[in-house]
file run.csv (CSV, C-alpha atoms and all ligand atoms)
chain,number,residue,atom,x,y,z
C,9,MET,CA,-22.7,9.2,-38.2
C,10,LYS,CA,-20.5,6.2,-38.9
C,11,GLY,CA,-21.0,3.6,-41.6
C,12,LEU,CA,-23.0,0.6,-40.5
C,13,PHE,CA,-20.7,-2.3,-40.0
C,14,PRO,CA,-21.3,-5.6,-38.3
C,15,THR,CA,-18.3,-4.8,-36.1
C,16,SER,CA,-18.8,-7.7,-33.6
C,17,LYS,CA,-18.6,-10.1,-36.5
C,18,PHE,CA,-15.3,-8.6,-37.7
C,19,GLN,CA,-13.7,-9.2,-34.3
C,20,ASN,CA,-12.0,-12.5,-35.1
C,21,MET,CA,-11.3,-12.0,-38.7
C,22,LYS,CA,-7.9,-11.7,-40.3
C,23,THR,CA,-7.2,-8.1,-41.1
C,24,PRO,CA,-6.9,-6.1,-43.3
C,25,PHE,CA,-9.8,-7.0,-45.6
C,26,TYR,CA,-12.2,-5.4,-47.9
C,27,TYR,CA,-15.9,-5.2,-47.0
C,28,TYR,CA,-18.5,-4.5,-49.7
C,29,ASP,CA,-22.0,-3.4,-48.7
C,30,VAL,CA,-24.4,-5.2,-51.0
C,31,ASP,CA,-27.3,-2.8,-50.2
C,32,ILE,CA,-25.3,0.2,-51.3
C,33,LEU,CA,-24.0,-1.5,-54.4
C,34,GLN,CA,-27.6,-2.6,-55.3
C,35,LYS,CA,-29.1,0.8,-54.7
C,36,THR,CA,-26.3,2.4,-56.8
C,37,LEU,CA,-27.0,-0.1,-59.7
C,38,ASP,CA,-30.8,0.5,-59.4
C,39,THR,CA,-30.2,4.3,-59.5
C,40,VAL,CA,-27.9,4.0,-62.6
C,41,LYS,CA,-30.5,2.0,-64.4
C,42,GLN,CA,-33.4,4.2,-63.5
C,43,GLU,CA,-31.6,7.4,-64.4
C,44,ALA,CA,-30.1,6.1,-67.7
C,45,GLY,CA,-33.4,4.5,-68.5
C,46,LYS,CA,-35.0,8.0,-68.7
C,47,TYR,CA,-33.3,8.4,-72.1
C,48,THR,CA,-33.7,6.2,-75.1
C,49,ASN,CA,-30.5,4.5,-76.4
C,50,PHE,CA,-28.3,5.2,-73.3
C,51,CYS,CA,-26.2,2.1,-72.6
C,52,VAL,CA,-24.2,1.9,-69.4
C,53,HIS,CA,-21.1,-0.3,-69.1
C,54,TYR,CA,-19.3,-1.0,-65.8
C,55,ALA,CA,-15.5,-0.3,-66.0
C,56,VAL,CA,-14.1,-3.5,-64.5
C,57,LYS,CA,-10.7,-1.9,-63.8
C,58,ALA,CA,-12.3,-0.2,-60.8
C,59,ASN,CA,-13.0,-3.5,-59.0
C,60,ALA,CA,-12.9,-7.0,-60.4
C,61,ASN,CA,-13.7,-8.9,-57.2
C,62,PRO,CA,-15.7,-11.9,-58.6
C,63,LYS,CA,-18.5,-11.5,-56.0
C,64,VAL,CA,-18.9,-7.8,-56.8
C,65,LEU,CA,-18.7,-8.5,-60.5
C,66,LYS,CA,-21.4,-11.1,-60.3
C,67,ILE,CA,-23.8,-8.7,-58.7
C,68,ILE,CA,-23.1,-6.1,-61.4
C,69,SER,CA,-23.4,-8.6,-64.2
C,70,ASN,CA,-26.7,-9.8,-62.8
C,71,SER,CA,-28.0,-6.2,-62.9
C,72,GLY,CA,-27.7,-6.3,-66.7
C,73,LEU,CA,-25.1,-3.6,-67.2
C,74,GLY,CA,-22.6,-3.9,-70.0
C,75,ILE,CA,-18.9,-4.1,-69.3
C,76,ASP,CA,-15.9,-2.0,-70.2
C,77,CYS,CA,-12.6,-3.9,-70.2
C,78,VAL,CA,-9.0,-2.6,-70.6
C,79,SER,CA,-7.2,-6.0,-70.8
C,80,GLY,CA,-7.6,-9.6,-71.8
C,81,GLY,CA,-7.6,-10.6,-68.1
C,82,GLU,CA,-10.6,-8.3,-67.6
C,83,ILE,CA,-12.5,-9.9,-70.5
C,84,LYS,CA,-11.9,-13.2,-68.9
C,85,ALA,CA,-13.1,-11.9,-65.5
C,86,ALA,CA,-16.3,-10.5,-67.1
C,87,LEU,CA,-17.0,-13.7,-69.0
C,88,ALA,CA,-16.5,-15.7,-65.8
C,89,ALA,CA,-19.0,-13.5,-64.0
C,90,GLY,CA,-21.6,-14.4,-66.7
C,91,VAL,CA,-21.5,-11.2,-68.8
C,92,ALA,CA,-22.7,-11.7,-72.3
C,93,PRO,CA,-19.8,-11.1,-74.8
C,94,GLU,CA,-22.0,-8.8,-76.9
C,95,LYS,CA,-22.1,-6.4,-74.0
C,96,ILE,CA,-18.3,-6.1,-73.7
C,97,VAL,CA,-16.3,-3.1,-75.0
C,98,TYR,CA,-12.6,-3.3,-74.9
C,99,ALA,CA,-10.2,-0.3,-74.8
C,100,GLY,CA,-6.5,0.0,-74.1
C,101,VAL,CA,-3.5,1.8,-75.6
C,102,GLY,CA,-1.5,-1.4,-75.9
C,103,LYS,CA,-3.5,-4.5,-76.8
C,104,SER,CA,-1.5,-7.7,-77.2
C,105,ASP,CA,-2.3,-10.2,-79.9
C,106,TRP,CA,-3.6,-12.8,-77.5
C,107,GLU,CA,-6.0,-10.2,-76.0
C,108,ILE,CA,-7.3,-9.2,-79.5
C,109,ASN,CA,-7.7,-12.8,-80.4
C,110,LEU,CA,-9.6,-13.4,-77.1
C,111,GLY,CA,-12.0,-10.6,-78.0
C,112,LEU,CA,-12.4,-11.9,-81.6
C,113,ASP,CA,-13.0,-15.5,-80.4
C,114,ASN,CA,-15.7,-14.3,-78.1
C,115,ASN,CA,-17.3,-11.9,-80.6
C,116,ILE,CA,-17.2,-9.0,-78.1
C,117,PHE,CA,-19.3,-5.9,-79.0
C,118,CYS,CA,-16.5,-3.5,-79.8
C,119,PHE,CA,-12.8,-2.8,-79.8
C,120,ASN,CA,-12.0,0.8,-78.9
C,121,VAL,CA,-9.0,1.4,-81.1
C,122,GLU,CA,-6.3,3.9,-80.2
C,123,SER,CA,-3.9,3.9,-83.2
C,124,ILE,CA,-3.4,3.0,-86.9
C,125,PRO,CA,-0.8,0.3,-86.1
C,126,GLU,CA,-3.3,-1.3,-83.7
C,127,LEU,CA,-6.1,-1.1,-86.3
C,128,GLU,CA,-3.9,-2.9,-88.9
C,129,ILE,CA,-3.2,-5.7,-86.4
C,130,ILE,CA,-6.8,-6.1,-85.5
C,131,ASN,CA,-7.7,-6.3,-89.2
C,132,GLU,CA,-5.0,-9.0,-89.8
C,133,LEU,CA,-6.0,-11.1,-86.8
C,134,ALA,CA,-9.7,-10.8,-87.8
C,135,GLU,CA,-8.8,-11.9,-91.3
C,136,ALA,CA,-7.0,-15.0,-90.0
C,137,LYS,CA,-10.2,-16.0,-88.3
C,138,ASP,CA,-12.4,-14.9,-91.2
C,139,LYS,CA,-14.2,-12.5,-88.9
C,140,LYS,CA,-15.2,-8.8,-88.9
C,141,ALA,CA,-14.0,-6.8,-85.9
C,142,LYS,CA,-16.3,-4.0,-84.8
C,143,VAL,CA,-14.4,-0.9,-83.8
C,144,CYS,CA,-14.8,2.5,-82.4
C,145,PHE,CA,-11.9,5.0,-82.5
C,146,ARG,CA,-10.8,6.5,-79.3
C,147,ILE,CA,-10.3,10.2,-80.1
C,148,ASN,CA,-8.3,12.4,-77.8
C,149,PRO,CA,-10.6,15.4,-77.6
C,150,ASN,CA,-8.1,17.7,-75.9
C,151,VAL,CA,-10.6,18.5,-73.2
C,152,GLY,CA,-9.2,19.0,-69.7
C,153,ALA,CA,-10.9,17.6,-66.6
C,154,HIS,CA,-10.8,19.3,-63.2
C,155,THR,CA,-9.2,16.4,-61.4
C,156,HIS,CA,-5.8,15.1,-60.3
C,157,ALA,CA,-3.1,15.4,-63.0
C,158,ASN,CA,-2.5,11.6,-62.9
C,159,ILE,CA,-6.1,10.8,-63.8
C,160,THR,CA,-6.7,13.2,-66.7
C,161,THR,CA,-6.6,11.3,-69.9
C,162,GLY,CA,-8.2,13.6,-72.6
C,163,LEU,CA,-5.5,16.2,-73.1
C,164,ALA,CA,-3.4,16.3,-76.3
C,165,GLU,CA,-0.2,15.6,-74.1
C,166,ASN,CA,-1.7,12.3,-72.8
C,167,LYS,CA,-0.8,9.0,-74.3
C,168,PHE,CA,-4.4,8.0,-75.0
C,169,GLY,CA,-6.4,8.0,-78.2
C,170,ILE,CA,-6.0,9.3,-81.7
C,171,ALA,CA,-5.5,13.0,-82.4
C,172,MET,CA,-8.5,14.8,-83.7
C,173,GLU,CA,-6.7,16.0,-86.8
C,174,ASP,CA,-6.1,12.3,-87.8
C,175,MET,CA,-9.7,11.3,-87.3
C,176,GLU,CA,-10.9,11.3,-91.0
C,177,ILE,CA,-7.7,9.5,-92.1
C,178,VAL,CA,-8.1,6.7,-89.7
C,179,ILE,CA,-11.8,6.2,-90.4
C,180,GLY,CA,-11.1,6.3,-94.1
C,181,LYS,CA,-8.5,3.5,-93.6
C,182,ALA,CA,-10.9,1.5,-91.6
C,183,ALA,CA,-13.5,1.8,-94.4
C,184,GLU,CA,-11.1,0.2,-96.8
C,185,MET,CA,-10.3,-2.8,-94.5
C,186,LYS,CA,-12.3,-6.0,-95.3
C,187,ASN,CA,-12.2,-7.3,-91.7
C,188,ILE,CA,-13.1,-4.1,-89.9
C,189,GLU,CA,-16.6,-2.7,-89.3
C,190,PHE,CA,-16.6,1.0,-88.1
C,191,LEU,CA,-19.1,1.7,-85.4
C,192,GLY,CA,-18.3,5.1,-84.1
C,193,LEU,CA,-16.3,7.2,-81.7
C,194,HIS,CA,-15.0,6.7,-78.2
C,195,PHE,CA,-13.8,9.2,-75.6
C,196,HIS,CA,-12.7,9.2,-71.9
C,197,ILE,CA,-11.4,12.4,-70.4
C,198,GLY,CA,-10.4,11.3,-66.9
C,199,SER,CA,-11.7,10.2,-63.5
C,200,GLN,CA,-13.2,11.6,-60.3
C,201,ILE,CA,-14.8,14.5,-62.2
C,202,LEU,CA,-17.4,16.4,-60.2
C,203,GLU,CA,-17.8,19.5,-62.5
C,204,MET,CA,-20.6,18.8,-65.0
C,205,ASP,CA,-19.0,21.5,-67.2
C,206,ASP,CA,-16.2,19.1,-68.1
C,207,PHE,CA,-18.8,16.7,-69.5
C,208,VAL,CA,-20.5,19.7,-71.3
C,209,ALA,CA,-17.1,20.6,-72.9
C,210,LEU,CA,-16.8,17.0,-74.1
C,211,SER,CA,-20.3,17.0,-75.5
C,212,ASN,CA,-19.6,20.2,-77.4
C,213,ARG,CA,-16.4,18.7,-78.8
C,214,ILE,CA,-18.3,15.6,-79.9
C,215,ASN,CA,-20.9,17.8,-81.6
C,216,GLU,CA,-18.2,19.5,-83.6
C,217,LEU,CA,-16.5,16.2,-84.6
C,218,GLN,CA,-19.8,14.6,-85.6
C,219,ASP,CA,-20.6,17.6,-87.9
C,220,ARG,CA,-17.1,17.3,-89.4
C,221,LEU,CA,-17.5,13.5,-90.0
C,222,GLU,CA,-20.9,13.9,-91.6
C,223,SER,CA,-19.5,16.5,-94.0
C,224,HIS,CA,-17.2,13.7,-95.1
C,225,GLY,CA,-20.0,11.2,-95.3
C,226,PHE,CA,-19.0,9.2,-92.3
C,227,ILE,CA,-21.9,8.0,-90.0
C,228,CYS,CA,-21.4,6.9,-86.4
C,229,LYS,CA,-23.9,4.4,-85.1
C,230,HIS,CA,-22.4,4.6,-81.6
C,231,ILE,CA,-20.9,7.3,-79.5
C,232,ASN,CA,-19.1,6.3,-76.3
C,233,VAL,CA,-18.3,9.0,-73.8
C,234,GLY,CA,-16.3,6.9,-71.3
C,235,GLY,CA,-16.6,7.3,-67.6
C,236,GLY,CA,-15.2,9.6,-65.0
C,237,LEU,CA,-18.1,10.6,-62.8
C,238,GLY,CA,-16.8,11.4,-59.3
C,239,ILE,CA,-18.0,10.5,-55.8
C,240,ASP,CA,-18.1,12.3,-52.4
C,241,TYR,CA,-15.0,11.0,-50.6
C,242,GLN,CA,-15.6,13.6,-47.8
C,243,GLN,CA,-19.1,12.5,-46.8
C,244,PRO,CA,-19.8,8.9,-47.8
C,245,ASN,CA,-22.5,8.5,-45.2
C,246,GLU,CA,-24.4,11.6,-46.4
C,247,ASN,CA,-23.9,10.9,-50.1
C,248,PRO,CA,-23.6,7.2,-50.7
C,249,ILE,CA,-25.1,7.4,-54.2
C,250,PRO,CA,-23.4,9.7,-56.8
C,251,ASN,CA,-25.4,12.2,-58.8
C,252,PHE,CA,-26.3,10.0,-61.8
C,253,ALA,CA,-29.4,12.1,-62.5
C,254,ASP,CA,-27.3,15.3,-63.3
C,255,TYR,CA,-24.7,13.2,-65.1
C,256,PHE,CA,-27.0,11.6,-67.6
C,257,LYS,CA,-29.1,14.8,-68.0
C,258,THR,CA,-25.9,16.8,-68.8
C,259,TYR,CA,-25.3,14.5,-71.8
C,260,ALA,CA,-28.9,14.4,-72.8
C,261,ASP,CA,-29.0,18.2,-72.8
C,262,ASN,CA,-25.7,18.9,-74.5
C,263,LEU,CA,-24.8,16.1,-76.8
C,264,LYS,CA,-26.7,16.2,-80.1
C,265,LEU,CA,-27.4,12.5,-80.6
C,266,ARG,CA,-28.5,11.6,-84.1
C,267,GLU,CA,-31.6,9.6,-84.9
C,268,GLY,CA,-31.1,6.0,-83.8
C,269,GLN,CA,-27.7,6.6,-82.5
C,270,TYR,CA,-26.6,4.9,-79.2
C,271,LEU,CA,-24.8,6.7,-76.4
C,272,HIS,CA,-22.5,4.5,-74.3
C,273,PHE,CA,-21.1,5.2,-70.9
C,274,GLU,CA,-18.2,3.4,-69.0
C,275,LEU,CA,-18.6,4.1,-65.3
C,276,GLY,CA,-16.2,2.6,-62.8
C,277,ARG,CA,-15.6,4.5,-59.6
C,278,SER,CA,-19.2,5.9,-59.4
C,279,ILE,CA,-20.6,2.4,-59.3
C,280,VAL,CA,-18.4,0.7,-56.8
C,281,ALA,CA,-16.5,3.2,-54.7
C,282,GLN,CA,-19.0,3.9,-51.9
C,283,CYS,CA,-20.0,0.3,-51.3
C,284,GLY,CA,-16.4,-0.7,-50.2
C,285,SER,CA,-14.4,-0.1,-47.1
C,286,LEU,CA,-11.0,-1.4,-46.1
C,287,ILE,CA,-11.2,-2.8,-42.6
C,288,THR,CA,-7.9,-2.7,-40.7
C,289,LYS,CA,-6.8,-3.2,-37.1
C,290,THR,CA,-4.9,-0.8,-34.9
C,291,LEU,CA,-1.5,-2.3,-34.0
C,292,TYR,CA,0.0,0.5,-31.9
C,293,VAL,CA,-0.8,4.0,-30.8
C,294,LYS,CA,2.6,5.8,-30.8
C,295,GLN,CA,3.3,9.2,-29.2
C,296,GLY,CA,5.6,11.2,-31.4
C,297,SER,CA,7.2,14.5,-30.3
C,298,PHE,CA,4.6,16.7,-32.1
C,299,LYS,CA,1.8,14.2,-32.9
C,300,GLN,CA,0.4,10.8,-32.2
C,301,PHE,CA,0.3,8.0,-34.8
C,302,CYS,CA,-2.3,5.3,-35.2
C,303,ILE,CA,-0.4,2.5,-36.7
C,304,VAL,CA,-2.7,0.1,-38.5
C,305,ASP,CA,-2.1,-3.3,-40.2
C,306,ALA,CA,-3.2,-2.1,-43.6
C,307,GLY,CA,-0.8,-0.2,-45.8
C,308,MET,CA,-0.3,1.4,-49.2
C,309,THR,CA,-0.1,-2.2,-50.6
C,310,ASP,CA,-3.7,-2.6,-49.7
C,311,LEU,CA,-5.0,0.8,-50.7
C,312,ILE,CA,-2.5,2.9,-52.7
C,313,ARG,CA,-4.7,5.9,-53.6
C,314,PRO,CA,-3.5,8.2,-50.8
C,315,ALA,CA,0.2,7.5,-51.7
C,316,LEU,CA,-0.3,7.6,-55.4
C,317,TYR,CA,-2.8,10.4,-55.9
C,318,ASP,CA,-2.8,12.2,-52.6
C,319,ALA,CA,-6.4,10.9,-52.3
C,320,PHE,CA,-8.5,11.4,-49.2
C,321,HIS,CA,-10.5,8.5,-47.6
C,322,LEU,CA,-12.7,9.2,-44.7
C,323,ILE,CA,-11.4,7.1,-41.7
C,324,GLU,CA,-13.5,5.9,-38.8
C,325,ASN,CA,-12.7,4.0,-35.6
C,326,ILE,CA,-15.6,1.6,-35.6
C,327,SER,CA,-14.6,0.1,-32.2
C,328,SER,CA,-14.6,3.2,-30.1
C,329,GLU,CA,-17.1,5.9,-29.0
C,330,GLU,CA,-14.5,7.8,-26.8
C,331,ALA,CA,-13.7,11.5,-27.3
C,332,MET,CA,-12.0,12.5,-30.5
C,333,GLU,CA,-8.3,12.8,-30.7
C,334,THR,CA,-6.0,13.8,-33.6
C,335,TYR,CA,-3.9,11.2,-35.3
C,336,ASP,CA,-1.7,10.5,-38.3
C,337,VAL,CA,-3.0,7.1,-39.5
C,338,VAL,CA,-0.1,5.2,-41.0
C,339,GLY,CA,0.6,1.7,-42.3
C,340,PRO,CA,3.5,-0.7,-41.7
C,341,ILE,CA,5.2,-0.5,-45.1
C,342,CYS,CA,8.8,0.7,-45.3
C,343,GLU,CA,7.9,3.9,-47.3
C,344,SER,CA,7.4,7.4,-46.0
C,345,SER,CA,4.4,7.7,-48.3
C,346,ASP,CA,2.7,4.9,-46.5
C,347,VAL,CA,0.4,7.3,-44.7
C,348,PHE,CA,-3.4,7.2,-45.1
C,349,VAL,CA,-4.1,10.6,-43.5
C,350,LYS,CA,-2.4,13.3,-41.4
C,351,GLY,CA,-3.8,15.2,-38.5
C,352,PHE,CA,-7.2,13.5,-38.6
C,353,GLU,CA,-9.8,13.3,-35.8
C,354,LEU,CA,-10.8,9.8,-34.7
C,355,ASN,CA,-12.5,8.4,-31.6
C,356,LYS,CA,-9.7,7.6,-29.2
C,357,CYS,CA,-7.7,4.6,-30.5
C,358,HIS,CA,-6.4,1.6,-28.7
C,359,ARG,CA,-4.6,-1.5,-29.8
C,360,GLY,CA,-7.1,-3.9,-31.4
C,361,ASP,CA,-9.6,-1.2,-32.5
C,362,LEU,CA,-11.0,-1.8,-36.0
C,363,ILE,CA,-10.6,1.1,-38.4
C,364,ALA,CA,-12.6,1.6,-41.5
C,365,LEU,CA,-11.2,3.4,-44.6
C,366,ARG,CA,-14.3,4.4,-46.4
C,367,SER,CA,-15.1,4.8,-50.1
C,368,ALA,CA,-12.5,2.2,-51.0
C,369,GLY,CA,-14.6,0.1,-53.4
C,370,ALA,CA,-13.0,1.5,-56.5
C,371,TYR,CA,-9.3,1.3,-57.3
C,372,GLY,CA,-8.7,-0.3,-53.9
C,373,GLU,CA,-8.5,-4.1,-53.7
C,374,ILE,CA,-7.8,-4.3,-57.5
C,375,MET,CA,-4.6,-2.2,-57.1
C,376,ALA,CA,-3.3,-4.2,-54.1
C,377,SER,CA,0.3,-5.4,-54.4
C,378,ALA,CA,2.5,-7.9,-52.5
C,379,TYR,CA,5.3,-5.4,-51.9
C,380,ASN,CA,7.1,-6.2,-48.7
C,381,CYS,CA,6.0,-9.9,-49.3
C,382,ARG,CA,2.6,-9.0,-47.9
C,383,GLU,CA,-0.5,-11.2,-48.5
C,384,LEU,CA,-3.1,-9.6,-50.7
C,385,PRO,CA,-6.2,-8.5,-48.8
C,386,VAL,CA,-9.4,-10.6,-49.2
C,387,GLY,CA,-12.7,-9.1,-50.2
C,388,TYR,CA,-16.0,-10.0,-48.6
C,389,ILE,CA,-19.5,-9.0,-49.4
C,390,SER,CA,-21.9,-8.1,-46.6
C,391,THR,CA,-24.2,-11.0,-47.4
C,392,GLU,CA,-21.4,-13.4,-46.3
C,393,PHE,CA,-21.8,-12.2,-42.7
Q,401,LIG,C1,-10.8,3.9,-66.3
Q,401,LIG,C2,-11.7,4.0,-67.4
Q,401,LIG,C3,-13.0,4.2,-67.3
Q,401,LIG,C4,-13.7,4.3,-65.9
Q,401,LIG,O1,-13.4,5.5,-65.3
Q,401,LIG,P1,-14.1,5.9,-63.9
Q,401,LIG,O2,-13.5,7.2,-63.6
Q,401,LIG,O3,-13.8,4.9,-62.9
Q,401,LIG,O4,-15.6,6.0,-64.2
Q,401,LIG,C5,-13.8,4.2,-68.4
Q,401,LIG,N1,-13.3,4.1,-69.6
Q,401,LIG,C6,-12.0,3.9,-69.8
Q,401,LIG,C7,-11.5,3.7,-71.2
Q,401,LIG,C8,-11.1,3.8,-68.7
Q,401,LIG,O5,-9.8,3.7,-68.9
call {"tool": "encode", "arguments": {"input": "run.csv", "output": "structure tokens"}}
result
Amino acid sequence: MKGLFPTSKFQNMKTPFYYYDVDILQKTLDTVKQEAGKYTNFCVHYAVKANANPKVLKIISNSGLGIDCVSGGEIKAALAAGVAPEKIVYAGVGKSDWEINLGLDNNIFCFNVESIPELEIINELAEAKDKKAKVCFRINPNVGAHTHANITTGLAENKFGIAMEDMEIVIGKAAEMKNIEFLGLHFHIGSQILEMDDFVALSNRINELQDRLESHGFICKHINVGGGLGIDYQQPNENPIPNFADYFKTYADNLKLREGQYLHFELGRSIVAQCGSLITKTLYVKQGSFKQFCIVDAGMTDLIRPALYDAFHLIENISSEEAMETYDVVGPICESSDVFVKGFELNKCHRGDLIALRSAGAYGEIMASAYNCRELPVGYISTEF
């Protein structure tokens, strides 16, 4: 089965472009809310860095989820989409002064702080505004995730977070600062994680850390476990909605939440990946000496994941029902890594055929660049057709 696209309506459009299926996005949001809603005090934030298309963000904002930002620009995008500032959490290993000030001016819910120097600056900037900044500390739990090396973030060797051994020192410092309010702990171990055991390992670590903190008299009102839930890139038609039921249950079963404590999640990919496709046009079918190439007008500038992470995206020829043939699907960029897939079966391709690269709603449009002086791809939602 192929994805359901209004192919005839795509015919005269400028390619490449992103297409977001609003039904899939809405079903995903409904499922997230339903599954998280089974547990008291579970708060889900959407990680804007996965996709900040204003039309997509508006739909997510309307669903009532909170928002996780990693830059001042993302805070602005969230506010522009109508997100309430008290639902915004802000993480990032290098926050600039203007970004911190933007968060303070808007009274965002929480800064996820990653170092003592950063804490000192937030305290100073908050003092200048006579405000109290609410903070969680991002702790590096030294928990590995079974995913691509470039998207693990919770190992001691990664640049993210505060080392576990420094946790009490940092919280002690925060307690002495007049313009800081300590809320709790934050974690994020990586992305595209499909093994629930990785989330069990994180839960076990958090249980240990909470026991340790309580023995020092520190109480966390909030725990934030970050995001990372993976999706099925191989079979987007069969599995359009990620397994949120198992995901939330894993935390409910393993993380020992204290009475009245809130558990926060920051999900990016799992919310937006499956609703998006990159639609591109076949420019040429070229016969090489060992293989044939389907040369399309989208490149790594439009979707960089295959070049950057060796990522797989299912590819479909949505203009042809002819017999399958084997192709390398490649873009026009002057880089050998500008290849979407090698040796892949597609319905026979012709010049002008529309090709869909599936599961591209996360880390697709938002990572597009103008390399080779290319225009950025436009994103449309299905209700615009
Ligand atoms: C990227 C990121 C997320 C979202 O990760 P996904 O794998 O897309 O769910 C959540 N929290 C933080 C701090 C991040 O950097």
call {"tool": "residues_around", "arguments": {"input": "run.csv", "residues": "range 358-367 of chain C", "least_positions_apart": "3", "cutoff": "7 Å", "atoms": "only C-alpha atoms", "output": "PyMOL selection string"}}
result
chain C and resi 241+244+281-293+321-327
call {"tool": "residues_around", "arguments": {"input": "run.csv", "residues": "Ala182 in chain C", "least_positions_apart": "5", "cutoff": "12 Å", "atoms": "all atoms listed in the file", "output": "list of chain:residue names"}}
result
C:Val121, C:Ser123, C:Ile124, C:Pro125, C:Glu126, C:Leu127, C:Glu128, C:Ile129, C:Ile130, C:Asn131, C:Lys140, C:Ala141, C:Lys142, C:Val143, C:Cys144, C:Phe145, C:Met175, C:Glu176, C:Ile177, C:Asn187, C:Ile188, C:Glu189, C:Phe190, C:Leu191, C:Gly192, C:Phe226
call {"tool": "write_last_selection", "arguments": {"input": "run.csv", "atoms": "C-alpha atoms", "output": "JSON list (two decimals), in the coordinates of the input"}}
result
[["chain", "number", "residue", "atom", "x", "y", "z"],
["C", 121, "VAL", "CA", -9.00, 1.40, -81.10],
["C", 123, "SER", "CA", -3.90, 3.90, -83.20],
["C", 124, "ILE", "CA", -3.40, 3.00, -86.90],
["C", 125, "PRO", "CA", -0.80, 0.30, -86.10],
["C", 126, "GLU", "CA", -3.30, -1.30, -83.70],
["C", 127, "LEU", "CA", -6.10, -1.10, -86.30],
["C", 128, "GLU", "CA", -3.90, -2.90, -88.90],
["C", 129, "ILE", "CA", -3.20, -5.70, -86.40],
["C", 130, "ILE", "CA", -6.80, -6.10, -85.50],
["C", 131, "ASN", "CA", -7.70, -6.30, -89.20],
["C", 140, "LYS", "CA", -15.20, -8.80, -88.90],
["C", 141, "ALA", "CA", -14.00, -6.80, -85.90],
["C", 142, "LYS", "CA", -16.30, -4.00, -84.80],
["C", 143, "VAL", "CA", -14.40, -0.90, -83.80],
["C", 144, "CYS", "CA", -14.80, 2.50, -82.40],
["C", 145, "PHE", "CA", -11.90, 5.00, -82.50],
["C", 175, "MET", "CA", -9.70, 11.30, -87.30],
["C", 176, "GLU", "CA", -10.90, 11.30, -91.00],
["C", 177, "ILE", "CA", -7.70, 9.50, -92.10],
["C", 187, "ASN", "CA", -12.20, -7.30, -91.70],
["C", 188, "ILE", "CA", -13.10, -4.10, -89.90],
["C", 189, "GLU", "CA", -16.60, -2.70, -89.30],
["C", 190, "PHE", "CA", -16.60, 1.00, -88.10],
["C", 191, "LEU", "CA", -19.10, 1.70, -85.40],
["C", 192, "GLY", "CA", -18.30, 5.10, -84.10],
["C", 226, "PHE", "CA", -19.00, 9.20, -92.30]]
call {"tool": "residues_near_ligand", "arguments": {"input": "run.csv", "ligand": "ligand LIG 401 (chain Q)", "cutoff": "7 Å", "atoms": "all atoms listed in the file", "output": "PyMOL selection string"}}
result
chain C and resi 55+57-58+76+78+99-100+196+198-200+234-238+274-278
call {"tool": "closest_atom_pairs", "arguments": {"input": "run.csv", "of": "range 24-138 of chain C", "to": "range 375-391 of chain C", "cutoff": "7 Å", "atoms": "only C-alpha atoms", "output": "CSV"}}
result
residue,atom,partner,partner_atom,distance
C:Pro24,CA,C:Pro385,CA,6.0
C:Phe25,CA,C:Pro385,CA,5.0
C:Tyr26,CA,C:Gly387,CA,4.4
C:Tyr27,CA,C:Tyr388,CA,5.1
C:Tyr28,CA,C:Ile389,CA,4.6
C:Asp29,CA,C:Ser390,CA,5.1
C:Val30,CA,C:Ser390,CA,5.8
call {"tool": "closest_residue", "arguments": {"input": "run.csv", "among": "C:Ala153, C:Ile96, C:Ile83, C:Gly307", "to": "Gly372 in chain C", "atoms": "only C-alpha atoms"}}
result
C:Gly307
call {"tool": "residues_near_point", "arguments": {"input": "run.csv", "point": "(-1.1, 8.7, -36.1)", "cutoff": "9 Å", "atoms": "all atoms listed in the file", "output": "list in words"}}
result
Val293, Lys294, Gln295, Gly296, Lys299, Gln300, Phe301, Cys302, Ile303, Thr334, Tyr335, Asp336, Val337, Val338, Val347, Val349, Lys350, Gly351 and Phe352 of chain C
call {"tool": "atom_distance", "arguments": {"input": "run.csv", "atom1": "CA of Leu73 in chain C", "atom2": "CA of Gln218 in chain C"}}
result
26.4 Å
call {"tool": "atom_distance", "arguments": {"input": "run.csv", "atom1": "CA of Leu65 in chain C", "atom2": "CA of Ala44 in chain C"}}
result
19.9 Å
call {"tool": "closest_residue", "arguments": {"input": "run.csv", "among": "C:Gly72, C:Gly369, C:Pro14, C:Pro62", "to": "Arg313 in chain C", "atoms": "only C-alpha atoms"}}
result
C:Gly369
call {"tool": "closest_residue", "arguments": {"input": "run.csv", "among": "C:Tyr371, C:Phe13, C:Phe348, C:Trp106", "to": "Ala306 in chain C", "atoms": "only C-alpha atoms"}}
result
C:Phe348
call {"tool": "atom_distance", "arguments": {"input": "run.csv", "atom1": "CA of Met204 in chain C", "atom2": "CA of Ala253 in chain C"}}
result
11.3 Å
call {"tool": "closest_residue", "arguments": {"input": "run.csv", "among": "C:Val151, C:Asp38, C:Glu216, C:His156", "to": "Asp318 in chain C", "atoms": "all atoms listed in the file"}}
result
C:His156
call {"tool": "residues_around", "arguments": {"input": "run.csv", "residues": "range 84-95 of chain C", "least_positions_apart": "5", "cutoff": "7 Å", "atoms": "all atoms listed in the file", "output": "ChimeraX atom specification"}}
result
/C:62,65-66,69,74-75,114-117
call {"tool": "closest_residue", "arguments": {"input": "run.csv", "among": "C:Asn166, C:Ser328, C:Ser345, C:Thr48", "to": "Ala315 in chain C", "atoms": "all atoms listed in the file"}}
result
C:Ser345
call {"tool": "residues_around", "arguments": {"input": "run.csv", "residues": "Glu165 in chain C", "least_positions_apart": "3", "cutoff": "10 Å", "atoms": "all atoms listed in the file", "output": "MDAnalysis selection string"}}
result
chainID C and resid 148 150 161:162 168
